[in-house]
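Colleague: Enclosed is the structure file entry-v2.txt (compact mmCIF, C-alpha atoms and all ligand atoms).
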# COMPACT_ATOMS: atom_id res chain seq x y z
CA MET L 1 -71.18 110.36 119.11
CA SER L 2 -72.76 107.02 119.81
CA GLN L 3 -73.52 105.15 116.63
CA ARG L 4 -73.61 106.07 112.94
CA ARG L 5 -75.75 103.97 110.64
CA PRO L 6 -74.22 102.27 107.59
CA PRO L 7 -74.87 103.69 104.14
CA SER L 8 -77.91 102.04 102.59
CA VAL L 9 -78.54 100.94 99.00
CA LYS L 10 -80.52 103.56 97.17
CA GLY L 11 -84.02 102.36 96.38
CA LYS L 12 -83.28 98.71 97.16
CA LYS L 13 -83.01 96.43 100.13
CA ARG L 14 -79.31 95.90 100.67
CA ASP L 15 -78.77 92.16 101.12
CA LYS L 16 -81.20 91.25 98.34
CA SER L 17 -79.57 93.48 95.74
CA ASP L 18 -76.04 92.34 96.64
CA ALA L 19 -77.00 88.69 96.56
CA ALA L 20 -78.54 89.15 93.13
CA LEU L 21 -75.24 90.54 91.87
CA THR L 22 -73.35 87.36 92.71
CA ASN L 23 -75.27 85.07 90.40
CA SER L 24 -73.74 85.80 87.03
CA THR L 25 -70.73 88.13 87.20
CA PRO L 26 -67.25 87.57 88.68
CA VAL L 27 -66.83 88.59 92.29
CA LYS L 28 -64.63 91.60 91.43
CA ASP L 29 -67.29 93.12 89.18
CA ASN L 30 -69.97 92.41 91.75
CA PHE L 31 -67.86 94.04 94.42
CA LEU L 32 -67.19 97.15 92.34
CA GLN L 33 -70.88 97.41 91.51
CA CYS L 34 -71.80 97.05 95.15
CA LEU L 35 -69.31 99.76 96.19
CA SER L 36 -70.81 102.05 93.62
CA ASN L 37 -74.37 101.24 94.75
CA HIS L 38 -73.58 102.08 98.35
CA SER L 39 -71.40 105.11 97.71
CA GLN L 40 -72.59 108.43 99.15
CA SER L 41 -72.93 111.19 96.57
CA ALA L 42 -71.13 113.63 98.90
CA ASN L 43 -68.13 111.28 99.15
CA PRO L 44 -67.99 109.16 95.99
CA ILE L 45 -65.96 106.02 96.48
CA ASN L 46 -64.79 105.66 92.89
CA GLU L 47 -61.86 108.02 93.57
CA ALA L 48 -60.61 105.63 96.23
CA VAL L 49 -60.89 102.41 94.22
CA TYR L 50 -57.94 100.87 92.32
CA THR L 51 -58.00 97.77 90.14
CA SER L 52 -55.29 96.32 87.90
CA SER L 53 -56.66 98.34 84.98
CA ASN L 54 -55.76 101.52 86.85
CA SER L 55 -52.25 102.86 86.11
CA SER L 56 -51.66 103.69 89.79
CA PHE L 57 -52.66 100.23 91.03
CA SER L 58 -49.13 98.87 91.25
CA SER L 59 -47.62 101.92 92.94
CA VAL L 60 -50.45 102.10 95.50
CA LEU L 61 -49.98 98.40 96.22
CA GLN L 62 -46.18 98.43 96.40
CA SER L 63 -45.43 101.77 98.02
CA TYR L 64 -46.41 100.57 101.47
CA ILE L 65 -44.95 97.08 101.33
CA ARG L 66 -42.22 96.98 103.97
CA ASN L 67 -41.16 93.36 103.95
CA HIS L 68 -39.55 92.19 100.72
CA ARG L 69 -39.52 88.63 101.99
CA ILE L 70 -43.27 88.41 101.42
CA ALA L 71 -44.44 87.10 98.04
CA THR L 72 -45.98 89.67 95.71
CA PRO L 73 -49.60 90.16 96.74
CA ASN L 74 -52.40 89.97 94.26
CA PRO L 75 -55.50 91.77 95.53
CA LEU L 76 -58.53 92.06 93.24
CA VAL L 77 -59.17 95.61 94.37
CA ILE L 78 -57.58 98.22 96.61
CA ILE L 79 -59.84 100.66 98.38
CA ALA L 80 -57.67 103.51 99.62
CA ALA L 81 -60.42 104.99 101.79
CA LYS L 82 -60.64 108.78 101.82
CA ASP L 83 -63.69 109.01 104.04
CA ASP L 84 -65.15 106.93 106.88
CA SER L 85 -68.07 106.03 104.63
CA HIS L 86 -65.66 104.26 102.24
CA VAL L 87 -64.65 101.95 105.06
CA GLN L 88 -68.30 101.29 105.90
CA VAL L 89 -69.16 100.51 102.28
CA THR L 90 -66.14 98.21 101.90
CA VAL L 91 -67.15 96.20 104.96
CA ILE L 92 -70.78 96.00 103.86
CA CYS L 93 -69.96 94.85 100.32
CA SER L 94 -67.22 92.39 101.27
CA LYS L 95 -69.51 90.82 103.83
CA SER L 96 -72.54 90.55 101.61
CA LEU L 97 -70.51 89.12 98.69
CA GLY L 98 -68.27 86.90 100.80
CA LEU L 99 -65.09 88.63 99.63
CA GLN L 100 -62.23 88.65 102.15
CA ILE L 101 -60.58 91.95 103.00
CA ARG L 102 -57.19 92.79 104.43
CA ILE L 103 -56.94 96.03 106.40
CA ARG L 104 -53.67 97.90 105.98
CA SER L 105 -52.45 100.88 108.01
CA GLY L 106 -48.64 101.11 108.32
CA SER L 107 -48.02 97.79 106.53
CA HIS L 108 -45.48 96.59 109.11
CA ASP L 109 -47.15 93.26 109.79
CA TYR L 110 -44.36 90.70 110.22
CA ASP L 111 -46.10 88.20 107.96
CA GLY L 112 -47.65 90.69 105.53
CA LEU L 113 -51.12 89.88 106.85
CA SER L 114 -52.35 93.31 105.85
CA TYR L 115 -51.71 92.73 102.14
CA VAL L 116 -51.47 89.00 101.35
CA PHE L 117 -54.11 86.29 101.37
CA ASN L 118 -54.39 82.82 99.86
CA VAL L 119 -57.95 83.46 98.63
CA PRO L 120 -59.31 86.26 96.41
CA PHE L 121 -59.33 89.44 98.48
CA ALA L 122 -59.44 93.22 98.54
CA ILE L 123 -57.13 95.55 100.46
CA LEU L 124 -58.74 98.22 102.58
CA ASP L 125 -55.92 100.77 102.73
CA MET L 126 -56.04 103.39 105.47
CA PHE L 127 -53.09 105.60 104.48
CA ASN L 128 -55.30 108.52 103.36
CA LEU L 129 -57.00 108.63 106.74
CA ARG L 130 -54.12 110.03 108.80
CA SER L 131 -55.26 113.24 110.52
CA ILE L 132 -54.03 114.00 114.05
CA HIS L 133 -55.74 116.45 116.41
CA ILE L 134 -53.85 117.23 119.59
CA ASN L 135 -55.64 118.71 122.58
CA VAL L 136 -52.97 119.72 125.07
CA ALA L 137 -55.55 121.25 127.41
CA ASP L 138 -57.19 117.91 128.16
CA GLU L 139 -54.02 115.91 127.40
CA SER L 140 -55.52 113.81 124.65
CA ALA L 141 -55.46 113.43 120.87
CA TRP L 142 -57.67 111.91 118.16
CA VAL L 143 -55.53 110.03 115.67
CA GLN L 144 -56.74 108.35 112.49
CA ALA L 145 -55.60 104.80 111.84
CA GLY L 146 -53.50 105.61 108.77
CA ALA L 147 -51.14 107.95 110.62
CA SER L 148 -47.68 106.66 111.46
CA ILE L 149 -46.50 106.63 115.05
CA GLY L 150 -43.69 109.02 114.04
CA GLU L 151 -46.29 111.52 112.82
CA VAL L 152 -48.05 111.25 116.18
CA TYR L 153 -44.80 111.93 118.07
CA TYR L 154 -44.04 114.87 115.78
CA ARG L 155 -47.48 116.49 116.13
CA ILE L 156 -47.39 116.13 119.93
CA ALA L 157 -43.90 117.66 120.06
CA GLU L 158 -45.09 120.60 117.93
CA LYS L 159 -47.68 121.42 120.60
CA SER L 160 -45.86 120.48 123.80
CA LYS L 161 -42.34 119.64 124.92
CA VAL L 162 -43.56 117.96 128.08
CA HIS L 163 -46.06 115.51 126.60
CA GLY L 164 -45.57 112.25 124.77
CA PHE L 165 -47.27 108.99 123.95
CA PRO L 166 -45.96 105.55 124.92
CA ALA L 167 -45.51 103.54 121.72
CA GLY L 168 -42.97 101.78 119.54
CA VAL L 169 -39.54 102.80 118.41
CA CYS L 170 -39.93 102.43 114.66
CA SER L 171 -41.39 105.71 113.42
CA THR L 172 -43.21 104.29 110.36
CA LEU L 173 -45.39 101.84 112.32
CA GLY L 174 -49.05 102.44 111.52
CA VAL L 175 -51.22 103.59 114.39
CA GLY L 176 -53.98 101.22 113.15
CA GLY L 177 -52.07 97.96 113.52
CA HIS L 178 -49.53 98.99 116.15
CA ILE L 179 -51.91 100.00 118.92
CA THR L 180 -54.24 97.03 118.43
CA GLY L 181 -51.32 94.66 119.03
CA GLY L 182 -50.35 96.37 122.30
CA GLY L 183 -47.63 98.82 121.30
CA TYR L 184 -44.56 98.67 123.48
CA GLY L 185 -41.64 101.07 123.57
CA ASN L 186 -39.26 103.01 125.75
CA MET L 187 -41.98 104.30 128.09
CA MET L 188 -43.65 100.98 128.78
CA ARG L 189 -42.20 100.63 132.29
CA LYS L 190 -43.44 104.10 133.18
CA TYR L 191 -46.83 104.15 131.43
CA GLY L 192 -47.52 100.69 130.01
CA LEU L 193 -48.36 100.00 126.39
CA SER L 194 -49.98 102.23 123.76
CA SER L 195 -53.19 100.24 124.16
CA ASP L 196 -53.17 100.98 127.90
CA ASN L 197 -53.31 104.66 127.02
CA VAL L 198 -56.29 104.62 124.67
CA VAL L 199 -59.42 106.22 126.11
CA ASP L 200 -61.81 105.94 123.17
CA ALA L 201 -61.93 104.71 119.58
CA GLN L 202 -64.08 104.92 116.48
CA VAL L 203 -64.51 101.63 114.65
CA VAL L 204 -66.57 100.16 111.84
CA ASP L 205 -68.17 96.91 112.93
CA VAL L 206 -69.17 93.95 110.76
CA LYS L 207 -72.55 95.54 110.05
CA GLY L 208 -70.89 98.68 108.72
CA ARG L 209 -71.88 100.79 111.72
CA ILE L 210 -69.52 103.39 113.16
CA LEU L 211 -69.25 102.81 116.89
CA ASP L 212 -67.42 104.51 119.70
CA ARG L 213 -66.49 103.17 123.14
CA LYS L 214 -69.92 103.83 124.57
CA SER L 215 -71.87 102.24 121.75
CA MET L 216 -69.56 99.26 121.24
CA GLY L 217 -69.35 98.33 124.92
CA GLU L 218 -66.36 97.46 127.09
CA ASP L 219 -65.87 93.88 125.85
CA LEU L 220 -65.02 94.92 122.30
CA PHE L 221 -63.11 97.95 123.55
CA CYS L 222 -60.96 95.60 125.63
CA ALA L 223 -60.49 92.97 122.90
CA PHE L 224 -58.81 95.10 120.28
CA ARG L 225 -56.45 96.78 122.74
CA GLY L 226 -53.79 94.08 122.66
CA GLY L 227 -55.59 91.31 120.85
CA GLY L 228 -55.38 92.75 117.32
CA ALA L 229 -58.43 94.29 115.68
CA ALA L 230 -58.70 92.82 112.20
CA SER L 231 -61.02 89.98 113.23
CA PHE L 232 -63.33 92.29 115.21
CA CYS L 233 -63.67 95.56 113.35
CA VAL L 234 -61.85 98.25 111.39
CA ILE L 235 -60.27 100.93 113.56
CA LEU L 236 -60.99 104.38 112.14
CA SER L 237 -59.35 106.41 114.86
CA TRP L 238 -58.08 106.32 118.41
CA LYS L 239 -58.48 108.81 121.21
CA ILE L 240 -55.18 108.56 123.02
CA LYS L 241 -54.10 109.88 126.39
CA LEU L 242 -50.98 112.04 126.34
CA VAL L 243 -48.49 111.35 129.12
CA ALA L 244 -46.04 113.62 130.91
CA VAL L 245 -42.44 113.51 129.76
CA PRO L 246 -39.47 115.53 131.01
CA ALA L 247 -38.29 118.32 128.72
CA THR L 248 -34.85 116.69 128.80
CA VAL L 249 -34.35 112.96 128.48
CA THR L 250 -31.03 111.29 129.22
CA VAL L 251 -29.92 108.53 126.88
CA PHE L 252 -26.84 106.40 127.44
CA GLU L 253 -25.28 103.41 125.78
CA VAL L 254 -22.76 100.98 127.22
CA GLU L 255 -21.03 98.49 124.94
CA ARG L 256 -19.30 95.35 126.15
CA THR L 257 -17.75 92.49 124.25
CA VAL L 258 -17.71 88.99 125.66
CA GLU L 259 -14.05 89.43 126.55
CA GLN L 260 -14.97 92.58 128.48
CA GLY L 261 -17.46 90.69 130.63
CA ALA L 262 -20.67 91.05 128.59
CA MET L 263 -22.01 87.80 130.04
CA ASP L 264 -21.70 89.18 133.57
CA VAL L 265 -23.56 92.31 132.52
CA VAL L 266 -26.37 90.21 131.01
CA TRP L 267 -26.55 88.09 134.16
CA LYS L 268 -26.74 91.14 136.41
CA TRP L 269 -29.26 92.85 134.10
CA GLN L 270 -31.61 89.91 134.48
CA GLN L 271 -31.62 90.42 138.26
CA VAL L 272 -32.51 94.11 138.11
CA ALA L 273 -34.13 94.96 134.75
CA ASP L 274 -37.74 94.78 135.96
CA LYS L 275 -37.02 96.21 139.41
CA LEU L 276 -35.26 99.46 138.55
CA ASP L 277 -36.96 102.82 139.01
CA GLU L 278 -39.87 103.17 136.55
CA ASP L 279 -38.19 106.18 134.98
CA LEU L 280 -35.38 103.94 133.75
CA PHE L 281 -35.74 101.77 130.68
CA VAL L 282 -32.57 99.77 130.13
CA ARG L 283 -32.65 97.30 127.32
CA LEU L 284 -30.11 94.87 126.03
CA LEU L 285 -29.12 94.55 122.41
CA PHE L 286 -27.07 91.56 121.31
CA LYS L 287 -25.13 91.84 118.10
CA PRO L 288 -22.44 89.63 116.66
CA VAL L 289 -19.14 91.43 116.23
CA ASN L 290 -16.58 90.36 113.67
CA GLY L 291 -13.57 88.55 115.11
CA ASN L 292 -15.35 88.05 118.38
CA LYS L 293 -16.29 84.42 118.08
CA GLU L 294 -13.95 82.74 120.55
CA GLY L 295 -15.36 81.96 123.94
CA LEU L 296 -18.94 82.35 122.90
CA GLU L 297 -21.34 79.65 123.86
CA SER L 298 -24.96 78.80 123.28
CA ILE L 299 -26.91 81.80 122.08
CA TRP L 300 -23.78 83.82 121.48
CA LYS L 301 -22.43 81.10 119.26
CA VAL L 302 -25.61 80.80 117.24
CA LEU L 303 -25.81 84.55 116.75
CA THR L 304 -22.22 84.89 115.66
CA ASP L 305 -22.36 81.82 113.45
CA ILE L 306 -25.26 83.39 111.59
CA ASN L 307 -22.90 86.27 110.88
CA GLU L 308 -25.66 88.32 109.24
CA ASP L 309 -27.40 91.49 110.21
CA VAL L 310 -29.16 89.86 113.13
CA GLY L 311 -29.92 91.32 116.50
CA MET L 312 -31.50 90.41 119.77
CA THR L 313 -33.27 92.92 121.99
CA TRP L 314 -34.24 92.28 125.59
CA ASN L 315 -36.95 94.70 126.71
CA PRO L 316 -37.36 95.01 130.49
CA TYR L 317 -40.79 94.75 132.08
CA GLY L 318 -41.74 95.66 135.64
CA GLY L 319 -43.08 99.09 136.57
CA LYS L 320 -46.49 99.86 135.06
CA MET L 321 -46.38 96.60 133.10
CA SER L 322 -46.70 94.70 136.40
CA LYS L 323 -49.48 96.90 137.71
CA ILE L 324 -52.10 96.37 135.01
CA PRO L 325 -53.71 92.94 135.56
CA GLU L 326 -53.69 90.86 132.39
CA THR L 327 -57.39 90.19 132.91
CA GLU L 328 -58.07 93.84 132.13
CA ARG L 329 -56.51 93.88 128.67
CA ALA L 330 -56.10 91.60 125.72
CA PHE L 331 -52.28 91.93 125.99
CA PRO L 332 -51.17 89.05 128.26
CA ARG L 333 -47.99 88.14 130.19
CA ARG L 334 -47.43 91.23 132.27
CA ALA L 335 -46.72 90.90 136.02
CA GLY L 336 -44.18 88.23 136.85
CA ASN L 337 -42.37 88.55 133.54
CA ILE L 338 -38.93 90.05 133.62
CA PHE L 339 -38.44 90.91 130.00
CA LYS L 340 -39.51 90.30 126.44
CA ILE L 341 -37.16 89.20 123.69
CA GLN L 342 -37.15 90.25 120.05
CA LEU L 343 -35.01 88.49 117.52
CA SER L 344 -34.53 90.45 114.36
CA LEU L 345 -33.04 89.97 110.95
CA LEU L 346 -32.45 92.95 108.72
CA THR L 347 -33.36 92.06 105.18
CA SER L 348 -33.08 93.68 101.79
CA PRO L 349 -33.77 92.46 98.27
CA ARG L 350 -29.99 92.08 97.85
CA THR L 351 -29.66 89.56 100.66
CA GLN L 352 -32.94 87.82 99.96
CA GLU L 353 -31.43 84.52 98.81
CA ARG L 354 -29.53 83.96 102.03
CA HIS L 355 -32.55 84.59 104.19
CA PHE L 356 -33.99 81.14 104.39
CA SER L 357 -30.92 79.60 105.97
CA THR L 358 -30.57 82.57 108.28
CA ILE L 359 -34.15 82.25 109.42
CA VAL L 360 -33.63 78.58 110.23
CA LEU L 361 -30.53 79.42 112.25
CA LEU L 362 -32.29 82.28 114.00
CA ALA L 363 -35.02 79.91 115.07
CA LEU L 364 -32.35 77.97 116.96
CA VAL L 365 -31.58 80.88 119.26
CA PRO L 366 -34.46 80.28 121.69
CA ILE L 367 -33.47 76.61 121.88
CA GLN L 368 -29.92 77.62 122.69
CA MET L 369 -31.14 79.94 125.39
CA VAL L 370 -32.50 77.26 127.65
CA PRO L 371 -29.20 76.20 129.16
CA ILE L 372 -27.61 79.65 129.09
CA LYS L 373 -28.23 80.51 132.72
CA LYS L 374 -31.34 79.45 134.53
CA GLU L 375 -34.37 77.93 132.90
CA GLU L 376 -36.78 80.14 134.77
CA TYR L 377 -35.70 83.07 132.66
CA MET L 378 -37.20 81.35 129.69
CA GLU L 379 -40.57 81.91 131.32
CA SER L 380 -40.18 85.57 130.56
CA SER L 381 -41.53 85.03 127.07
CA ILE L 382 -39.78 84.49 123.86
CA SER L 383 -42.63 85.94 122.01
CA ARG L 384 -41.64 86.48 118.48
CA ILE L 385 -39.05 86.13 115.82
CA ILE L 386 -39.07 89.24 113.71
CA LEU L 387 -38.21 88.68 110.11
CA THR L 388 -38.45 91.97 108.42
CA ASP L 389 -36.83 94.95 106.87
CA TRP L 390 -36.35 98.04 109.00
CA CYS L 391 -38.37 101.21 109.52
CA VAL L 392 -38.18 102.58 105.99
C1 LIG V 1 -39.46 97.17 111.75
C2 LIG V 1 -40.50 96.93 112.80
C3 LIG V 1 -40.34 97.52 114.06
C4 LIG V 1 -41.30 97.30 115.04
N1 LIG V 1 -41.15 97.91 116.27
C5 LIG V 1 -42.09 97.72 117.21
C6 LIG V 1 -41.96 98.35 118.49
O1 LIG V 1 -41.01 99.09 118.77
N2 LIG V 1 -42.96 98.12 119.39
C7 LIG V 1 -44.03 97.32 119.10
O2 LIG V 1 -44.91 97.16 119.94
N3 LIG V 1 -44.17 96.71 117.92
C8 LIG V 1 -43.23 96.90 116.98
N4 LIG V 1 -43.37 96.28 115.76
C9 LIG V 1 -44.55 95.46 115.54
C10 LIG V 1 -45.71 96.31 115.01
O3 LIG V 1 -46.26 97.08 116.06
C11 LIG V 1 -46.80 95.37 114.45
O4 LIG V 1 -46.28 94.62 113.38
C12 LIG V 1 -48.03 96.17 114.02
O5 LIG V 1 -49.10 95.26 113.78
C13 LIG V 1 -47.78 96.99 112.76
O6 LIG V 1 -48.89 97.81 112.51
P1 LIG V 1 -49.04 98.49 111.07
O7 LIG V 1 -50.31 99.26 111.04
O8 LIG V 1 -47.77 99.20 110.72
O9 LIG V 1 -49.10 97.21 110.13
P2 LIG V 1 -50.18 96.62 109.15
O10 LIG V 1 -49.41 95.59 108.39
O11 LIG V 1 -50.88 97.65 108.35
O12 LIG V 1 -51.25 95.94 110.11
C14 LIG V 1 -50.87 94.96 111.05
C15 LIG V 1 -52.11 94.13 111.42
O13 LIG V 1 -53.13 94.98 111.95
C16 LIG V 1 -54.29 94.94 111.12
N5 LIG V 1 -54.77 96.31 110.96
C17 LIG V 1 -54.07 97.35 110.42
N6 LIG V 1 -54.81 98.46 110.46
C18 LIG V 1 -55.98 98.13 111.02
C19 LIG V 1 -57.16 98.87 111.30
N7 LIG V 1 -57.26 100.17 111.00
N8 LIG V 1 -58.20 98.21 111.88
C20 LIG V 1 -58.12 96.88 112.16
N9 LIG V 1 -57.02 96.14 111.92
C21 LIG V 1 -55.96 96.76 111.35
C22 LIG V 1 -53.81 94.38 109.78
O14 LIG V 1 -54.86 93.78 109.06
C23 LIG V 1 -52.74 93.41 110.23
O15 LIG V 1 -53.33 92.20 110.69
C24 LIG V 1 -42.43 96.47 114.78
C25 LIG V 1 -42.56 95.87 113.52
C26 LIG V 1 -41.61 96.09 112.55
C27 LIG V 1 -41.76 95.44 111.23
Would you mind giving the structure from this file in structure tokens?
Modeller:
Amino acid sequence: MSQRRPPSVKGKKRDKSDAALTNSTPVKDNFLQCLSNHSQSANPINEAVYTSSNSSFSSVLQSYIRNHRIATPNPLVIIAAKDDSHVQVTVICSKSLGLQIRIRSGSHDYDGLSYVFNVPFAILDMFNLRSIHINVADESAWVQAGASIGEVYYRIAEKSKVHGFPAGVCSTLGVGGHITGGGYGNMMRKYGLSSDNVVDAQVVDVKGRILDRKSMGEDLFCAFRGGGAASFCVILSWKIKLVAVPATVTVFEVERTVEQGAMDVVWKWQQVADKLDEDLFVRLLFKPVNGNKEGLESIWKVLTDINEDVGMTWNPYGGKMSKIPETERAFPRRAGNIFKIQLSLLTSPRTQERHFSTIVLLALVPIQMVPIKKEEYMESSISRIILTDWCV
């Protein structure tokens, strides 16, 4: 496949007819009319369109919201695309009418950017487009954007016990958003990120065309593998490269309290984390433990003072992460970085009220880290504070 043309308006020139719609009627009506005008008779879009007058609107909107901290979204329309042409039509109509869209796959965006907006908008929901085709013979798979990463792991495991795909830990992450942001997980030292293991993709560009790697060119193909995709195109599907995994994987966990020398372990870990054999992925998880406050300083003190369901994860780099030059991908800070830190706060509607103060305290952790050992370790990237619920 090289390039598929966008659906055209029957009997009319597209831009002219859409512009005419805007003059008198509200944008929502214009948008719905435009969708209908562009819909293909073989794949009518009306079955994929939800507005507030539809009884399923609320459940479609809410069922994929993961982060209860985010204010209730208020989209004008949800298009739960059932066919690639629905994505094309949505892009064409939103562009020609100036209506913003949010693209939603797994809905795990930390800030809810796939379903909230401060201007009138429509949600382009990808959850119906979730097919996965595994080809063990050529060690690849085509995966639609709406599939979860857990579904991908499951389908690969059904076909082969010695293949896998390097991606995140949380099984409900959407393939659409996860891979465009990079996608790091337990195999990143061995194979790099998810986006390093993508060999082709199908996208809808701003003109509503379906493009693949060849027809889009290498610049765009590079940009959305680590740099996020929403401002460039809509990802329809990825062709991913399967990687070799051993039939048996060894997992171990070592717990240490501060009194048992945890600080020494952390210090030593920082010397070796990115230099260990690529087959080893050893990450650190910090968690406050009740009754374990004495003797803690700096970051430990902040974490334990928060005394909530907070955690801190140090993900080691090195290995493949140091071998892919950052000029080759949109995902930066690779070689020369020892590890990446995630700060997390587990939330639920029940604990919602306490969250604001917890978030403020959590933001202090990076500041506390500066004097903890040596400042150069700060260069390893404190990239993000995760404020979210978990993989439900
Ligand atoms: C609990 C939790 C655990 C996590 N664990 C990991 C982890 O282990 N490793 C890791 O690397 N990351 C992890 N993340 C981060 C996660 O990878 C990103 O938040 C990712 O963007 C989520 O993708 P999504 O499709 O689920 O989310 P969405 O909210 O649907 O989308 C995220 C962003 O991508 C855009 N987008 C979604 N689909 C498309 C599409 N088809 N085309 C174009 N743009 C699209 C959205 O508009 C939005 O801007 C975690 C996040 C959470 C909340």
Colleague: Which is closest to Arg329 in chain L among L:Phe252, L:Leu242, L:Lys275, L:Gly182, if we use only C-alpha atoms?
Modeller: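 When distances to Arg329 in chain L are compared using only C-alpha atoms, the smallest one comes from L:Gly182.
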Colleague: Step by step, gather every atom of ligand LIG 1 (chain V) that the file lists, find the box along x, y and z that holds them, add 4 Å on each side, and finally give centre and edge lengths in Å to one decimal, as lines of an AutoDock Vina configuration file.
Modeller:
center_x = -48.8
center_y = 96.2
center_z = 114.1
size_x = 26.7
size_y = 16.0
size_z = 19.6
Colleague: If we count only C-alpha atoms and set the cut-off at 12 Å, which residues sit around Val169 in chain L, ignoring sequence neighbours fewer than 5 positions away in its own chain? Please answer as an mmCIF file with C-alpha atoms, in the frame of the given file.
Modeller:
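To be explicit, this is the file written out as part09.cif:
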data_model
loop_
_atom_site.group_PDB
_atom_site.id
_atom_site.type_symbol
_atom_site.label_atom_id
_atom_site.label_comp_id
_atom_site.auth_asym_id
_atom_site.auth_seq_id
_atom_site.Cartn_x
_atom_site.Cartn_y
_atom_site.Cartn_z
ATOM 1 C CA SER L 148 -47.680 106.660 111.460
ATOM 2 C CA ILE L 149 -46.500 106.630 115.050
ATOM 3 C CA GLY L 150 -43.690 109.020 114.040
ATOM 4 C CA TYR L 153 -44.800 111.930 118.070
ATOM 5 C CA GLY L 174 -49.050 102.440 111.520
ATOM 6 C CA HIS L 178 -49.530 98.990 116.150
ATOM 7 C CA GLY L 183 -47.630 98.820 121.300
ATOM 8 C CA TYR L 184 -44.560 98.670 123.480
ATOM 9 C CA GLY L 185 -41.640 101.070 123.570
ATOM 10 C CA ASN L 186 -39.260 103.010 125.750
ATOM 11 C CA MET L 187 -41.980 104.300 128.090
ATOM 12 C CA MET L 188 -43.650 100.980 128.780
ATOM 13 C CA SER L 194 -49.980 102.230 123.760
ATOM 14 C CA ASN L 315 -36.950 94.700 126.710
ATOM 15 C CA TRP L 390 -36.350 98.040 109.000
ATOM 16 C CA CYS L 391 -38.370 101.210 109.520
#
Colleague: Please report the interatomic distance between CA of Gln271 in chain L and CA of Glu326 in chain L in Å with one decimal.
Modeller: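 Computing it gives 22.8 Å between the two atoms.
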Colleague: Any idea what the distance is between CA of Val251 in chain L and CA of His133 in chain L?
Modeller: 29.0 Å
Colleague: Neighbourhood query: residues within 12 Å of (-57.9, 89.1, 131.2), file coordinates, counting all atoms listed in the file; return as a PyMOL selection string.
Modeller: chain L and resi 219+222-223+225-227+324-334
Colleague: Would you pick out the contacts of Gly164 in chain L at 8 Å or less, using all atoms listed in the file, so that residues sharing its chain but fewer than 6 positions from it are not included, and give the list as JSON, numbers by chain?
Modeller: {"L": [153, 156, 157, 242, 243, 244, 245]}
Colleague: Using CA of Ala122 in chain L and CA of Gln100 in chain L as the two end points, give the distance in Å to one decimal.
Modeller: 6.5 Å
Colleague: My list of candidates is L:Ser52, L:Ser39, L:Ser171, L:Gln62. Which is closest to Thr90 in chain L when distances are computed with all atoms listed in the file?
Modeller: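 Of L:Ser52, L:Ser39, L:Ser171, L:Gln62, the one nearest Thr90 in chain L is L:Ser39, counting all atoms listed in the file.
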Colleague: As a PDB file with C-alpha atoms, in the frame of the given file, please: the residues near Leu32 in chain L (cut-off 9 Å, only C-alpha atoms, same-chain neighbours under 6 positions excluded).
Modeller:
ATOM      1  CA  ASN L  46     -64.790 105.660  92.890  1.00  0.00           C
ATOM      2  CA  VAL L  49     -60.890 102.410  94.220  1.00  0.00           C
ATOM      3  CA  VAL L  77     -59.170  95.610  94.370  1.00  0.00           C
ATOM      4  CA  CYS L  93     -69.960  94.850 100.320  1.00  0.00           C
TER       5      CYS L  93
END
Colleague: Could you pull the residues within 7 Å of range 282-286 of chain L, counting all atoms listed in the file, minus those fewer than 4 positions along the same chain, as a PyMOL selection string?
Modeller: chain L and resi 273+311-316
Colleague: Looking at L:Leu220, L:Val204, L:Ile70, L:Leu193, which one is nearest to Asp111 in chain L, with distances taken over all atoms listed in the file?
Modeller: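 Checking each of L:Leu220, L:Val204, L:Ile70, L:Leu193 against Asp111 in chain L, counting all atoms listed in the file, the winner is L:Ile70.
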Colleague: Would you mind telling me which residue in L:Asn54, L:Ser41, L:Arg155, L:Val119 lies nearest to Ile134 in chain L when using all atoms listed in the file?
Modeller: L:Arg155
Colleague: Name all residues at most 9 Å from Lys239 in chain L (count all atoms listed in the file; drop same-chain ones fewer than 3 positions away) and give them as a list of chain:residue names.
Modeller: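 Everything that qualifies: L:Ser140, L:Ala141, L:Trp142, L:Val143, L:Gln144, L:Asn197, L:Val198, L:Val199, L:Asp200, L:Ala201, L:Gln202.
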Colleague: For those residues, write C-alpha atoms to a file as a PDB file, in the frame of the given file.
Modeller:
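result_39.pdb, freshly written:
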ATOM      1  CA  SER L 140     -55.520 113.810 124.650  1.00  0.00           C
ATOM      2  CA  ALA L 141     -55.460 113.430 120.870  1.00  0.00           C
ATOM      3  CA  TRP L 142     -57.670 111.910 118.160  1.00  0.00           C
ATOM      4  CA  VAL L 143     -55.530 110.030 115.670  1.00  0.00           C
ATOM      5  CA  GLN L 144     -56.740 108.350 112.490  1.00  0.00           C
ATOM      6  CA  ASN L 197     -53.310 104.660 127.020  1.00  0.00           C
ATOM      7  CA  VAL L 198     -56.290 104.620 124.670  1.00  0.00           C
ATOM      8  CA  VAL L 199     -59.420 106.220 126.110  1.00  0.00           C
ATOM      9  CA  ASP L 200     -61.810 105.940 123.170  1.00  0.00           C
ATOM     10  CA  ALA L 201     -61.930 104.710 119.580  1.00  0.00           C
ATOM     11  CA  GLN L 202     -64.080 104.920 116.480  1.00  0.00           C
TER      12      GLN L 202
END
